[in-house]
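Asker: Just so it is clear, I am handing over protein.cif, which has mmCIF, C-alpha atoms.
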data_protein
#
loop_
_atom_site.label_atom_id
_atom_site.label_comp_id
_atom_site.auth_asym_id
_atom_site.auth_seq_id
_atom_site.Cartn_x
_atom_site.Cartn_y
_atom_site.Cartn_z
CA MET K 1 -31.21 7.34 1.90
CA VAL K 2 -34.47 9.06 1.01
CA THR K 3 -36.33 10.90 3.77
CA ASP K 4 -40.08 11.57 3.77
CA GLU K 5 -39.34 15.19 2.99
CA ASP K 6 -37.34 14.22 -0.09
CA ALA K 7 -39.76 11.59 -1.31
CA ALA K 8 -42.13 14.08 -2.95
CA SER K 9 -39.41 15.35 -5.27
CA THR K 10 -37.88 12.02 -6.23
CA VAL K 11 -38.37 9.99 -9.37
CA SER K 12 -38.43 6.35 -10.42
CA GLU K 13 -35.26 4.42 -11.15
CA THR K 14 -36.01 4.48 -14.88
CA ALA K 15 -36.50 8.24 -14.85
CA ALA K 16 -33.30 8.79 -12.90
CA ARG K 17 -31.40 6.46 -15.19
CA GLY K 18 -32.81 8.12 -18.29
CA ALA K 19 -32.02 11.60 -17.00
CA ALA K 20 -28.49 10.44 -16.18
CA TYR K 21 -28.08 8.91 -19.65
CA ALA K 22 -29.17 12.20 -21.22
CA GLU K 23 -26.70 14.13 -19.06
CA LEU K 24 -23.88 11.73 -19.99
CA ALA K 25 -24.72 12.10 -23.68
CA LEU K 26 -24.88 15.91 -23.39
CA ARG K 27 -21.42 15.98 -21.84
CA GLY K 28 -20.09 13.80 -24.66
CA ILE K 29 -19.18 11.00 -22.25
CA ALA K 30 -21.69 8.46 -23.63
CA THR K 31 -23.28 7.56 -26.94
CA LEU K 32 -26.80 6.18 -26.57
CA SER K 33 -28.06 3.08 -28.34
CA GLU K 34 -31.66 2.76 -29.52
CA SER K 35 -32.68 1.09 -26.25
CA GLY K 36 -30.86 3.82 -24.34
CA MET K 37 -32.83 6.46 -26.25
CA GLU K 38 -36.06 4.71 -25.23
CA VAL K 39 -35.06 4.95 -21.55
CA VAL K 40 -34.35 8.65 -22.01
CA GLU K 41 -37.73 9.24 -23.68
CA GLU K 42 -39.52 7.36 -20.91
CA ALA K 43 -37.68 9.45 -18.34
CA HIS K 44 -38.53 12.62 -20.21
CA ASP K 45 -42.26 11.81 -20.15
CA GLU K 46 -42.16 11.11 -16.42
CA LEU K 47 -40.15 14.22 -15.60
CA LEU K 48 -42.37 16.37 -17.81
CA GLY K 49 -45.43 14.99 -16.02
CA LEU K 50 -43.90 15.83 -12.65
CA ALA K 51 -43.03 19.34 -13.77
CA GLU K 52 -46.58 19.94 -15.06
CA ALA K 53 -48.05 18.60 -11.80
CA ASP K 54 -45.80 20.99 -9.86
CA HIS K 55 -46.94 23.86 -12.09
CA ASP K 56 -50.63 22.95 -11.55
CA ASP K 57 -50.08 22.85 -7.78
CA ASP K 58 -48.46 26.27 -7.82
CA TYR K 59 -51.32 27.68 -9.96
CA ALA K 60 -53.94 26.23 -7.60
CA GLU K 61 -52.18 27.81 -4.60
CA ASP K 62 -52.10 31.20 -6.36
CA GLU K 63 -55.83 30.99 -7.17
CA GLU K 64 -56.67 30.39 -3.51
CA MET P 1 5.59 -11.12 27.94
CA SER P 2 7.43 -11.53 31.21
CA GLY P 3 8.54 -14.97 32.29
CA LEU P 4 6.38 -14.77 35.44
CA ASN P 5 3.10 -14.38 33.54
CA ALA P 6 3.95 -16.65 30.63
CA PRO P 7 2.27 -20.05 30.27
CA SER P 8 4.25 -22.77 32.02
CA ALA P 9 6.31 -25.40 30.22
CA LYS P 10 3.59 -27.98 30.98
CA GLU P 11 0.88 -25.79 29.49
CA CYS P 12 3.00 -25.22 26.44
CA GLU P 13 3.66 -28.96 25.93
CA LYS P 14 -0.07 -29.66 25.99
CA PHE P 15 -1.04 -26.70 23.87
CA LEU P 16 -2.95 -28.70 21.27
CA ASP P 17 -5.29 -30.10 23.93
CA HIS P 18 -5.66 -26.90 25.89
CA VAL P 19 -5.79 -24.14 23.35
CA ASP P 20 -9.29 -23.09 22.43
CA ASN P 21 -8.62 -19.54 21.30
CA HIS P 22 -5.92 -17.79 19.39
CA PHE P 23 -5.13 -15.33 22.20
CA LYS P 24 -4.05 -18.23 24.42
CA ALA P 25 -2.14 -19.76 21.52
CA ALA P 26 -0.30 -16.48 20.93
CA ASP P 27 0.60 -16.31 24.66
CA ILE P 28 2.07 -19.79 24.42
CA ALA P 29 3.93 -18.96 21.20
CA ARG P 30 5.62 -16.01 22.94
CA SER P 31 6.29 -17.86 26.20
CA PRO P 32 9.97 -18.27 27.16
CA HIS P 33 8.91 -21.63 28.67
CA ALA P 34 7.71 -23.05 25.35
CA SER P 35 10.05 -25.75 24.06
CA ILE P 36 11.49 -25.50 20.58
CA ASP P 37 9.46 -28.59 19.61
CA VAL P 38 6.25 -26.84 20.68
CA LEU P 39 7.18 -23.79 18.61
CA ARG P 40 7.90 -25.97 15.59
CA LYS P 41 4.51 -27.71 15.95
CA MET P 42 2.74 -24.40 16.35
CA ALA P 43 4.46 -23.00 13.26
CA VAL P 44 2.96 -25.70 11.02
CA THR P 45 -0.49 -25.83 12.67
CA ASP P 46 -3.49 -24.38 10.86
CA TRP P 47 -4.95 -21.87 13.32
CA ARG P 48 -8.13 -21.33 11.31
CA GLY P 49 -7.69 -17.76 10.18
CA TYR P 50 -5.24 -16.78 12.90
CA THR P 51 -2.18 -18.61 11.62
CA TYR P 52 -0.45 -15.35 10.72
CA LEU P 53 -0.89 -14.01 14.28
CA ILE P 54 0.48 -17.18 15.86
CA ARG P 55 3.45 -17.21 13.50
CA ALA P 56 4.15 -13.55 14.30
CA ALA P 57 4.05 -14.45 18.02
CA ILE P 58 6.49 -17.34 17.44
CA ALA P 59 8.90 -14.87 15.82
CA ASP P 60 8.69 -12.82 19.04
CA ASN P 61 9.62 -15.80 21.23
CA PRO P 62 13.00 -15.07 22.87
CA ASN P 63 14.15 -18.66 22.23
CA VAL P 64 13.02 -19.11 18.64
CA PRO P 65 15.85 -20.77 16.65
CA GLU P 66 17.10 -19.15 13.45
CA ASP P 67 16.14 -22.11 11.24
CA LEU P 68 12.52 -21.74 12.42
CA ILE P 69 12.64 -18.04 11.56
CA VAL P 70 13.88 -18.98 8.09
CA TYR P 71 10.89 -21.31 7.80
CA LEU P 72 8.52 -18.54 8.97
CA MET P 73 10.06 -16.25 6.36
CA SER P 74 9.27 -18.81 3.66
CA VAL P 75 5.55 -18.88 4.59
CA ALA P 76 4.98 -15.27 5.71
CA THR P 77 2.23 -13.51 3.77
CA GLU P 78 1.19 -10.43 5.73
CA ARG P 79 2.38 -7.55 7.83
CA HIS P 80 2.13 -9.08 11.34
CA GLU P 81 4.46 -11.87 10.22
CA TRP P 82 6.82 -9.46 8.43
CA TYR P 83 7.04 -7.17 11.45
CA GLY P 84 7.55 -10.15 13.79
CA ILE P 85 10.36 -11.44 11.60
CA HIS P 86 11.92 -7.98 11.41
CA ARG P 87 11.80 -7.71 15.22
CA TYR P 88 13.54 -11.09 15.44
CA TRP P 89 16.49 -9.92 13.36
CA MET P 90 16.70 -6.62 15.26
CA ARG P 91 16.75 -8.61 18.52
CA ARG P 92 19.20 -11.16 17.13
CA TYR P 93 21.81 -8.45 16.46
CA GLN P 94 20.77 -6.12 19.30
CA ALA P 95 20.12 -3.47 16.69
CA VAL P 96 18.55 -0.19 17.82
CA ALA P 97 15.42 0.93 15.98
CA PRO P 98 15.97 4.32 14.30
CA ASP P 99 14.33 7.40 15.74
CA TYR P 100 12.77 8.83 12.59
CA ASP P 101 11.66 11.96 14.41
CA SER P 102 15.20 13.02 15.19
CA SER P 103 16.89 15.21 12.61
CA GLU P 104 20.18 14.06 14.12
CA ALA P 105 19.49 10.48 13.12
CA GLY P 106 20.76 8.93 9.97
CA SER P 107 24.51 9.43 9.58
CA PHE P 108 26.43 6.62 7.95
CA PRO P 109 27.89 4.45 10.73
CA PHE P 110 31.66 4.97 10.75
CA GLU P 111 32.33 1.22 10.77
CA LEU P 112 30.44 0.71 7.50
CA VAL P 113 32.25 3.41 5.55
CA SER P 114 35.76 3.28 7.02
CA GLY P 115 36.93 0.05 5.42
CA GLN P 116 37.59 -1.56 8.77
CA PRO P 117 37.03 -5.32 8.95
CA LEU P 118 33.67 -6.32 10.40
CA ASP P 119 32.31 -9.72 11.36
CA ASP P 120 28.95 -10.80 9.94
CA ASP P 121 26.99 -9.91 13.07
CA GLN P 122 28.46 -6.40 13.36
CA ARG P 123 27.78 -5.75 9.69
CA ALA P 124 24.20 -7.03 9.86
CA LYS P 125 23.46 -4.93 12.97
CA LEU P 126 24.72 -1.71 11.38
CA VAL P 127 22.90 -2.27 8.09
CA LEU P 128 19.66 -3.09 9.92
CA GLU P 129 19.94 0.20 11.77
CA ILE P 130 20.69 2.34 8.70
CA MET P 131 18.74 0.67 5.89
CA GLY P 132 15.44 2.53 6.37
CA ARG P 133 16.97 6.00 6.52
CA PHE P 134 19.51 5.35 3.80
CA SER P 135 16.87 3.96 1.43
CA GLU P 136 14.50 6.86 2.04
CA THR P 137 17.22 9.45 1.56
CA MET P 138 18.13 7.79 -1.74
CA TRP P 139 14.45 7.67 -2.81
CA HIS P 140 14.25 11.42 -2.17
CA ASP P 141 17.48 12.14 -4.02
CA LEU P 142 16.81 9.90 -7.04
CA ALA P 143 13.17 10.96 -7.36
CA SER P 144 14.22 14.64 -7.19
CA LYS P 145 16.55 13.94 -10.11
CA GLY P 146 13.79 12.17 -12.06
CA LEU P 147 15.56 8.81 -11.81
CA LEU P 148 13.15 6.93 -9.55
CA GLU P 149 9.37 6.70 -9.70
CA LEU P 150 7.55 6.70 -6.36
CA ASP P 151 4.32 5.00 -5.43
CA TYR P 152 1.73 5.62 -2.71
CA TRP P 153 -1.53 3.90 -1.97
CA GLN P 154 -3.99 4.08 0.86
CA ASP P 155 -5.01 1.20 3.04
CA HIS P 156 -7.42 1.99 5.89
CA ILE P 157 -6.86 -1.40 7.52
CA ASP P 158 -3.13 -2.07 7.29
CA GLY P 159 -1.95 1.52 6.88
CA ASP P 160 -0.75 3.46 3.84
CA ASN P 161 2.14 2.32 1.67
CA PHE P 162 4.90 4.45 0.22
CA GLY P 163 8.07 3.56 -1.64
CA PRO P 164 9.61 3.27 -5.11
CA ILE P 165 7.90 1.37 -7.89
CA ASN P 166 11.10 -0.49 -8.73
CA TRP P 167 12.74 -2.33 -5.81
CA PHE P 168 15.42 -4.11 -7.91
CA THR P 169 14.85 -7.30 -5.95
CA GLY P 170 12.21 -9.58 -7.42
CA VAL P 171 11.17 -10.55 -3.88
CA ASN P 172 8.07 -9.71 -1.85
CA GLU P 173 7.59 -6.03 -2.60
CA ALA P 174 4.53 -5.64 -0.36
CA MET P 175 6.81 -6.54 2.55
CA LEU P 176 9.49 -4.05 1.46
CA TYR P 177 6.94 -1.21 1.43
CA ARG P 178 6.08 -2.14 5.03
CA ILE P 179 9.57 -2.57 6.43
CA LEU P 180 11.45 0.18 4.57
CA GLY P 181 8.71 2.74 3.92
CA ARG P 182 7.01 5.02 6.43
CA GLY P 183 3.73 5.28 4.52
CA TYR P 184 1.53 8.12 5.74
CA PHE P 185 4.33 9.58 7.86
CA THR P 186 6.53 10.42 4.88
CA ASP P 187 6.60 14.21 5.08
CA TRP P 188 8.57 15.21 1.98
CA ILE P 189 6.05 14.27 -0.71
CA ALA P 190 2.82 15.62 -2.18
CA ARG P 191 0.35 13.29 -3.84
CA GLU P 192 -2.43 13.82 -6.33
CA GLY P 193 -4.93 11.02 -6.64
CA HIS P 194 -7.14 9.74 -9.44
CA VAL P 195 -9.37 6.70 -9.77
CA ASP P 196 -8.53 4.66 -12.85
CA VAL P 197 -11.46 5.19 -15.23
CA VAL P 198 -11.93 1.53 -16.19
CA TYR P 199 -11.52 0.40 -12.58
CA GLY P 200 -14.02 3.04 -11.40
CA LEU P 201 -16.65 1.95 -13.92
CA ASP P 202 -16.09 -1.74 -13.09
CA HIS P 203 -16.42 -0.95 -9.40
CA ALA P 204 -19.62 1.02 -10.03
CA ALA P 205 -21.05 -1.90 -12.04
CA ASP P 206 -20.22 -4.35 -9.21
CA PHE P 207 -21.97 -2.22 -6.59
CA ALA P 208 -24.79 -0.75 -8.72
CA GLU P 209 -27.46 -2.99 -7.15
CA GLU P 210 -26.36 -1.96 -3.66
CA TYR P 211 -26.35 1.68 -4.75
CA LEU P 212 -29.86 1.20 -6.06
CA SER P 213 -31.18 -0.46 -2.91
CA GLU P 214 -29.93 2.44 -0.78
CA GLY P 215 -32.19 4.82 -2.71
CA GLU P 216 -29.33 6.82 -4.20
CA TRP P 217 -31.22 6.99 -7.50
CA ALA P 218 -33.98 9.01 -5.93
CA TYR P 219 -32.34 12.35 -6.45
CA SER P 220 -34.16 15.65 -6.24
CA VAL P 221 -35.76 16.89 -9.48
CA ASP P 222 -34.32 20.35 -9.24
CA GLU P 223 -32.78 21.66 -12.41
CA GLU P 224 -30.55 24.04 -10.49
CA GLU P 225 -28.85 21.21 -8.61
CA PRO P 226 -25.92 19.56 -10.44
CA PHE P 227 -26.32 15.90 -11.21
CA PRO P 228 -24.80 13.76 -8.44
CA ALA P 229 -21.54 12.31 -9.77
CA GLY P 230 -22.28 8.97 -8.11
CA LEU P 231 -25.59 8.68 -9.95
CA LEU P 232 -24.00 9.46 -13.30
CA VAL P 233 -21.18 6.95 -12.83
CA HIS P 234 -23.47 4.16 -11.64
CA ALA P 235 -25.93 4.91 -14.47
CA ALA P 236 -23.03 4.80 -16.94
CA ALA P 237 -21.84 1.45 -15.58
CA LEU P 238 -25.33 -0.09 -15.67
CA GLY P 239 -26.01 1.50 -19.05
CA VAL P 240 -22.95 -0.20 -20.55
CA ASN P 241 -23.96 -3.54 -19.00
CA ASP P 242 -27.50 -3.22 -20.35
CA GLY P 243 -26.44 -2.17 -23.83
CA HIS P 244 -28.00 1.29 -23.43
CA LEU P 245 -24.84 3.23 -24.13
CA THR P 246 -21.13 3.16 -24.89
CA ILE P 247 -18.59 5.23 -22.97
CA ASP P 248 -15.91 7.44 -24.48
CA HIS P 249 -13.08 6.66 -22.07
CA ALA P 250 -10.98 9.49 -23.49
CA ASN P 251 -13.56 12.14 -22.59
CA GLU P 252 -11.89 14.76 -20.39
CA ASP P 253 -14.86 15.19 -18.04
CA LEU P 254 -15.07 11.47 -17.29
CA GLN P 255 -11.99 11.45 -15.04
CA ASP P 256 -13.34 14.31 -12.88
CA LEU P 257 -16.72 12.63 -12.70
CA ILE P 258 -15.25 9.34 -11.48
CA ASP P 259 -12.90 11.07 -9.01
CA ASN P 260 -15.87 13.00 -7.58
CA ALA P 261 -18.04 9.88 -7.42
CA PHE P 262 -15.49 8.07 -5.25
CA GLU P 263 -14.06 11.02 -3.32
CA SER P 264 -15.06 9.49 0.01
CA ASP P 265 -13.11 6.27 -0.64
CA GLU P 266 -9.46 7.11 -1.11
CA THR P 267 -8.49 3.43 -1.19
CA MET P 268 -9.67 3.52 -4.81
CA PHE P 269 -7.24 6.27 -5.78
CA ASP P 270 -3.90 5.88 -7.51
CA PHE P 271 -1.56 8.62 -6.40
CA GLU P 272 0.96 10.51 -8.43
CA VAL P 273 3.76 11.34 -6.04
CA THR P 274 6.00 14.38 -6.30
CA VAL P 275 8.89 15.45 -4.10
CA THR P 276 8.13 18.72 -2.32
CA GLY P 277 10.25 18.71 0.83
CA ASP P 278 13.93 18.58 1.72
CA ALA P 279 15.87 15.34 2.11
CA PRO P 280 14.76 13.59 5.30
CA TRP P 281 18.28 13.02 6.65
CA GLU P 282 21.30 14.82 5.25
CA GLY P 283 23.57 12.39 7.08
CA THR P 284 22.87 9.61 4.60
CA ASN P 285 23.33 11.77 1.51
CA TRP P 286 25.23 9.70 -1.08
CA ASP P 287 26.64 12.80 -2.79
CA GLY P 288 28.47 13.72 0.38
CA LEU P 289 30.35 10.44 0.71
CA ALA P 290 33.97 10.09 -0.50
CA PHE P 291 34.93 7.38 -2.99
CA GLU P 292 36.67 5.14 -0.42
CA ALA P 293 33.74 5.43 1.93
CA ARG P 294 31.33 4.52 -0.86
CA ARG P 295 33.40 1.48 -1.76
CA SER P 296 33.46 0.33 1.84
CA PHE P 297 29.69 0.75 2.17
CA ILE P 298 29.09 -1.14 -1.09
CA ASP P 299 31.42 -3.97 -0.06
CA ASN P 300 29.56 -4.37 3.22
CA LEU P 301 26.25 -4.58 1.37
CA ILE P 302 27.66 -7.10 -1.09
CA ALA P 303 28.89 -9.20 1.85
CA LEU P 304 25.26 -9.48 3.00
CA LYS P 305 23.85 -10.76 -0.30
CA ASP P 306 23.50 -14.31 1.08
CA HIS P 307 22.20 -13.24 4.50
CA PRO P 308 18.78 -14.91 4.94
CA TYR P 309 17.06 -11.65 5.86
CA LEU P 310 19.15 -8.74 4.60
CA GLY P 311 20.02 -10.54 1.36
CA GLY P 312 17.17 -13.03 0.95
CA TRP P 313 14.43 -10.49 1.57
CA GLY P 314 16.06 -7.95 -0.70
CA PHE P 315 17.25 -5.15 1.61
CA ALA P 316 20.92 -5.18 0.61
CA PRO P 317 20.09 -5.71 -3.10
CA HIS P 318 17.65 -2.80 -2.94
CA MET P 319 20.31 -0.51 -1.51
CA LEU P 320 22.84 -1.70 -4.08
CA GLY P 321 20.34 -0.98 -6.86
CA LEU P 322 19.75 2.56 -5.55
CA ILE P 323 23.49 3.16 -5.42
CA ALA P 324 24.05 1.68 -8.88
CA ILE P 325 21.59 4.04 -10.59
CA HIS P 326 22.74 7.11 -8.66
CA PRO P 327 24.55 9.51 -11.02
CA ALA P 328 27.27 10.26 -8.48
CA THR P 329 28.37 6.62 -8.22
CA GLU P 330 31.69 6.05 -9.98
CA ALA P 331 31.79 3.63 -12.93
CA SER P 332 34.25 1.34 -11.15
CA LEU P 333 31.83 0.99 -8.23
CA ILE P 334 28.94 0.27 -10.57
CA ASP P 335 31.07 -2.46 -12.16
CA ARG P 336 31.75 -3.81 -8.68
CA ILE P 337 28.00 -4.04 -8.03
CA ARG P 338 27.32 -5.52 -11.45
CA SER P 339 29.89 -8.29 -10.87
CA VAL P 340 27.79 -9.64 -7.97
CA GLY P 341 25.28 -10.90 -10.55
CA LEU P 342 22.05 -9.69 -8.96
CA VAL P 343 19.71 -10.02 -11.93
CA ASN P 344 17.25 -7.22 -11.09
CA VAL P 345 19.99 -4.83 -10.00
CA ASN P 346 21.91 -5.46 -13.23
CA LYS P 347 18.75 -4.85 -15.22
CA ALA P 348 18.33 -1.50 -13.43
CA ILE P 349 21.94 -0.62 -14.31
CA ASP P 350 21.35 -1.55 -17.96
CA ASP P 351 18.15 0.51 -18.03
CA ALA P 352 19.90 3.51 -16.48
CA GLU P 353 22.74 3.27 -18.99
CA ALA P 354 20.46 2.85 -22.02
CA PRO P 355 20.11 6.00 -24.11
CA ALA P 356 16.74 7.67 -23.72
CA ALA P 357 14.33 6.70 -26.50
#
Could I get this file's structure written as structure tokens?
Answerer:
Amino acid sequence: MVTDEDAASTVSETAARGAAYAELALRGIATLSESGMEVVEEAHDELLGLAEADHDDDYAEDEE
Amino acid sequence: MSGLNAPSAKECEKFLDHVDNHFKAADIARSPHASIDVLRKMAVTDWRGYTYLIRAAIADNPNVPEDLIVYLMSVATERHEWYGIHRYWMRRYQAVAPDYDSSEAGSFPFELVSGQPLDDDQRAKLVLEIMGRFSETMWHDLASKGLLELDYWQDHIDGDNFGPINWFTGVNEAMLYRILGRGYFTDWIAREGHVDVVYGLDHAADFAEEYLSEGEWAYSVDEEEPFPAGLLVHAAALGVNDGHLTIDHANEDLQDLIDNAFESDETMFDFEVTVTGDAPWEGTNWDGLAFEARRSFIDNLIALKDHPYLGGWGFAPHMLGLIAIHPATEASLIDRIRSVGLVNVNKAIDDAEAPAA
């Protein structure tokens, strides 16, 4: 169950799936197909975007 | 139920008109005023999901005839019925239930090992009283020697099950686990559980949508937090279904991942059982019994092979199988058991005698 407090740091299903796929592949448990790779790339873009947004927020707070 | 509070004979005769709930039906089934005809009708009535409870109550009726019990045995499918039937036979022979908590309990009854003649009722009573402790002592002994594999599985509704994998009977093994085993209360074993990898992934695939709807996917994006095992396993299951990935079932980390994902649901675990404690009751130790005493005990078990309960439901054959594969049992006694012609017992003897591959 996601609380309001958690919601800000959560991701879409696709991003979570893609991140999980990547983790499974890294551990040698899974081999990704082409469509699986696409999910991972999509997840990567979303997670990268979130990380950059976090960084921008931190920078803005420091400036203030 | 006492006779004073039990439904009257008239109520019992009209049960089909009167009964509108299974509690009332069970009261009637147990009533000492119920006629045998009423019990017979109740035994074949469909009680819409409560048939097993009514049949168990019939088995508890003090006047239930033996042929009706034999019928109930032929249709029994779950533990209430099995326990009710077991209580009938205990009552029938005035057998005393063993006190498993007493370390004093469990010696071989003198009458069973002394060679003295016994009538069928005496023999059945004594075997009923000793069969649980004798079987468990043999399980401990044979498993300690690496000659018997033990099984344990959890059941939060009916209670845990413990016993050997091979019962040498070919009859209802689920019932044998209930009547002969003590499940959770067995204190001389340790168990290590794992979820079967294929079963775990199948289970995750079946419940992935539910997992999704509960928001479990929305994990925290914190690189320092380890990935939740549940998320990885459900993603793996869905990924296989959607053609996104293939799983290496031989991967060493996969087992840990699946065990962690389902750690809160032990009903999914298969347990490897090892013997860690002492024998539960030294008094039923087969090694300590003299040859003549062993022969007498075996002959009494053989004499019960056609008993509807002790033979038909596999208790005597199970004990004979345990004895037959025990390394201390003399060859002439094994031949004696083999001559009875119990197919599954003889197969166990053949397997025990076969040279290791």
Asker: Just say which residues the PyMOL selection byres ((chain P and resi 249) around 12) picks in this file, as a PyMOL selection string.
Answerer: (chain K and resi 28-31) or (chain P and resi 196-201+236+246-248+250-258)
Asker: Could you tell me how far atom CA of P:Ser114 lies from atom CA of P:Arg295, in Å and to one decimal?
Answerer: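 According to the coordinates, atom CA of P:Ser114 and atom CA of P:Arg295 are separated by 9.3 Å.
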Asker: Using all atoms listed in the file, find the one residue out of K:Leu48, K:Leu32, K:Ala22, K:Ala15 that sits nearest to chain P.
Answerer: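 Counting all atoms listed in the file, the residue closest to chain P is K:Leu32.
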Asker: For P:Ala303, which of P:Glu266, P:Glu81, P:Asp121, P:Glu272 is the closest residue, counting all atoms listed in the file?
Answerer: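 Selected residue with least distance to P:Ala303: P:Asp121.
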Asker: Name the residues in contact with P:Ala316 at a cut-off of 8 Å, using only C-alpha atoms, excluding same-chain residues fewer than 2 positions from it; report them as a ChimeraX atom specification.
Answerer: /P:301-302,304-305,310-311,314,318-320
Asker: Just the number, please: distance in Å from atom CA of P:Ile337 to atom CA of P:Val171, one decimal.
Answerer: 18.5 Å
Asker: Please compute the atom CA of P:Ala29-atom CA of P:Arg178 distance, one decimal, in Å.
Answerer: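 These atoms are spaced 23.4 Å apart.
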Asker: Report the residues retrieved by the PyMOL selection byres ((chain P and resi 54) around 10) from the displayed file, expressed as a list in words.
Answerer: His22, Phe23, Lys24, Ala25, Ala26, Asp27, Ile28, Ala29, Arg30, Leu39, Met42, Ala43, Thr45, Asp46, Trp47, Gly49, Tyr50, Thr51, Tyr52, Leu53, Arg55, Ala56, Ala57, Ile58, Ala59, Asp60, His80 and Glu81 of chain P
Asker: Evaluate the PyMOL selection byres ((chain P and resi 130) around 8) and record the selected residues as a list of chain:residue names, following the chain and residue labels used in the document.
Answerer: P:Pro98, P:Gly106, P:Phe108, P:Pro109, P:Leu126, P:Val127, P:Leu128, P:Glu129, P:Met131, P:Gly132, P:Arg133, P:Phe134
Asker: Near P:Phe291, counting all atoms listed in the file, which residues have an atom at most 9 Å away, once you skip same-chain residues fewer than 6 positions from it, shown as a ChimeraX atom specification?
Answerer: /P:329-330,333
Asker: Pick the closest to chain P from K:Glu38, K:Thr14, K:Ala25, K:Ala20: which is it, counting only C-alpha atoms?
Answerer: K:Ala20
Asker: Listing only residues of stretch 102-198 of chain P within 9 Å of stretch 340-357 of chain P, what is the closest atom pair and its distance in Å (to one decimal) for each, using only C-alpha atoms, sorted by chain and residue number ascending, as JSON lines?
Answerer:
{"residue": "P:Leu147", "atom": "CA", "partner": "P:Ala352", "partner_atom": "CA", "distance": 8.3}
{"residue": "P:Asn166", "atom": "CA", "partner": "P:Ala348", "partner_atom": "CA", "distance": 8.7}
{"residue": "P:Trp167", "atom": "CA", "partner": "P:Asn344", "partner_atom": "CA", "distance": 8.5}
{"residue": "P:Phe168", "atom": "CA", "partner": "P:Asn344", "partner_atom": "CA", "distance": 4.8}
{"residue": "P:Thr169", "atom": "CA", "partner": "P:Asn344", "partner_atom": "CA", "distance": 5.7}
{"residue": "P:Gly170", "atom": "CA", "partner": "P:Asn344", "partner_atom": "CA", "distance": 6.7}
Asker: For each of K:Gly18, K:Gly36, K:Leu26, K:Glu41, take the minimum atom-to-atom distance to chain P, counting all atoms listed in the file, then give the residue where this is smallest.
Answerer: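 Closest candidate: K:Gly36.
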Asker: With the input short on atoms, add N, CA and C atoms back to stretch 181-194 of chain P and write it as a PDB file, in the frame of the given file.
Answerer:
ATOM      1  N   GLY P 181       9.442   1.480   4.093  1.00  0.00           N
ATOM      2  CA  GLY P 181       8.710   2.740   3.920  1.00  0.00           C
ATOM      3  C   GLY P 181       8.011   3.177   5.184  1.00  0.00           C
ATOM      4  N   ARG P 182       7.709   4.487   5.264  1.00  0.00           N
ATOM      5  CA  ARG P 182       7.010   5.020   6.430  1.00  0.00           C
ATOM      6  C   ARG P 182       5.577   5.419   6.100  1.00  0.00           C
ATOM      7  N   GLY P 183       5.121   5.066   4.887  1.00  0.00           N
ATOM      8  CA  GLY P 183       3.730   5.280   4.520  1.00  0.00           C
ATOM      9  C   GLY P 183       3.257   6.705   4.754  1.00  0.00           C
ATOM     10  N   TYR P 184       2.185   6.831   5.498  1.00  0.00           N
ATOM     11  CA  TYR P 184       1.530   8.120   5.740  1.00  0.00           C
ATOM     12  C   TYR P 184       2.478   9.144   6.365  1.00  0.00           C
ATOM     13  N   PHE P 185       3.469   8.671   7.101  1.00  0.00           N
ATOM     14  CA  PHE P 185       4.330   9.580   7.860  1.00  0.00           C
ATOM     15  C   PHE P 185       5.467  10.172   7.037  1.00  0.00           C
ATOM     16  N   THR P 186       5.508   9.834   5.750  1.00  0.00           N
ATOM     17  CA  THR P 186       6.530  10.420   4.880  1.00  0.00           C
ATOM     18  C   THR P 186       6.151  11.887   4.639  1.00  0.00           C
ATOM     19  N   ASP P 187       7.009  12.801   5.083  1.00  0.00           N
ATOM     20  CA  ASP P 187       6.600  14.210   5.080  1.00  0.00           C
ATOM     21  C   ASP P 187       7.252  15.042   3.975  1.00  0.00           C
ATOM     22  N   TRP P 188       7.909  14.412   3.026  1.00  0.00           N
ATOM     23  CA  TRP P 188       8.570  15.210   1.980  1.00  0.00           C
ATOM     24  C   TRP P 188       7.941  15.010   0.596  1.00  0.00           C
ATOM     25  N   ILE P 189       6.717  14.492   0.570  1.00  0.00           N
ATOM     26  CA  ILE P 189       6.050  14.270  -0.710  1.00  0.00           C
ATOM     27  C   ILE P 189       4.682  14.954  -0.741  1.00  0.00           C
ATOM     28  N   ALA P 190       4.216  15.233  -1.963  1.00  0.00           N
ATOM     29  CA  ALA P 190       2.820  15.620  -2.180  1.00  0.00           C
ATOM     30  C   ALA P 190       2.238  14.566  -3.106  1.00  0.00           C
ATOM     31  N   ARG P 191       0.952  14.322  -2.990  1.00  0.00           N
ATOM     32  CA  ARG P 191       0.350  13.290  -3.840  1.00  0.00           C
ATOM     33  C   ARG P 191      -0.971  13.777  -4.410  1.00  0.00           C
ATOM     34  N   GLU P 192      -1.178  13.463  -5.672  1.00  0.00           N
ATOM     35  CA  GLU P 192      -2.430  13.820  -6.330  1.00  0.00           C
ATOM     36  C   GLU P 192      -3.063  12.518  -6.796  1.00  0.00           C
ATOM     37  N   GLY P 193      -4.306  12.311  -6.378  1.00  0.00           N
ATOM     38  CA  GLY P 193      -4.930  11.020  -6.640  1.00  0.00           C
ATOM     39  C   GLY P 193      -5.992  11.036  -7.720  1.00  0.00           C
ATOM     40  N   HIS P 194      -6.063   9.955  -8.461  1.00  0.00           N
ATOM     41  CA  HIS P 194      -7.140   9.740  -9.440  1.00  0.00           C
ATOM     42  C   HIS P 194      -7.579   8.286  -9.355  1.00  0.00           C
TER      43      HIS P 194
END
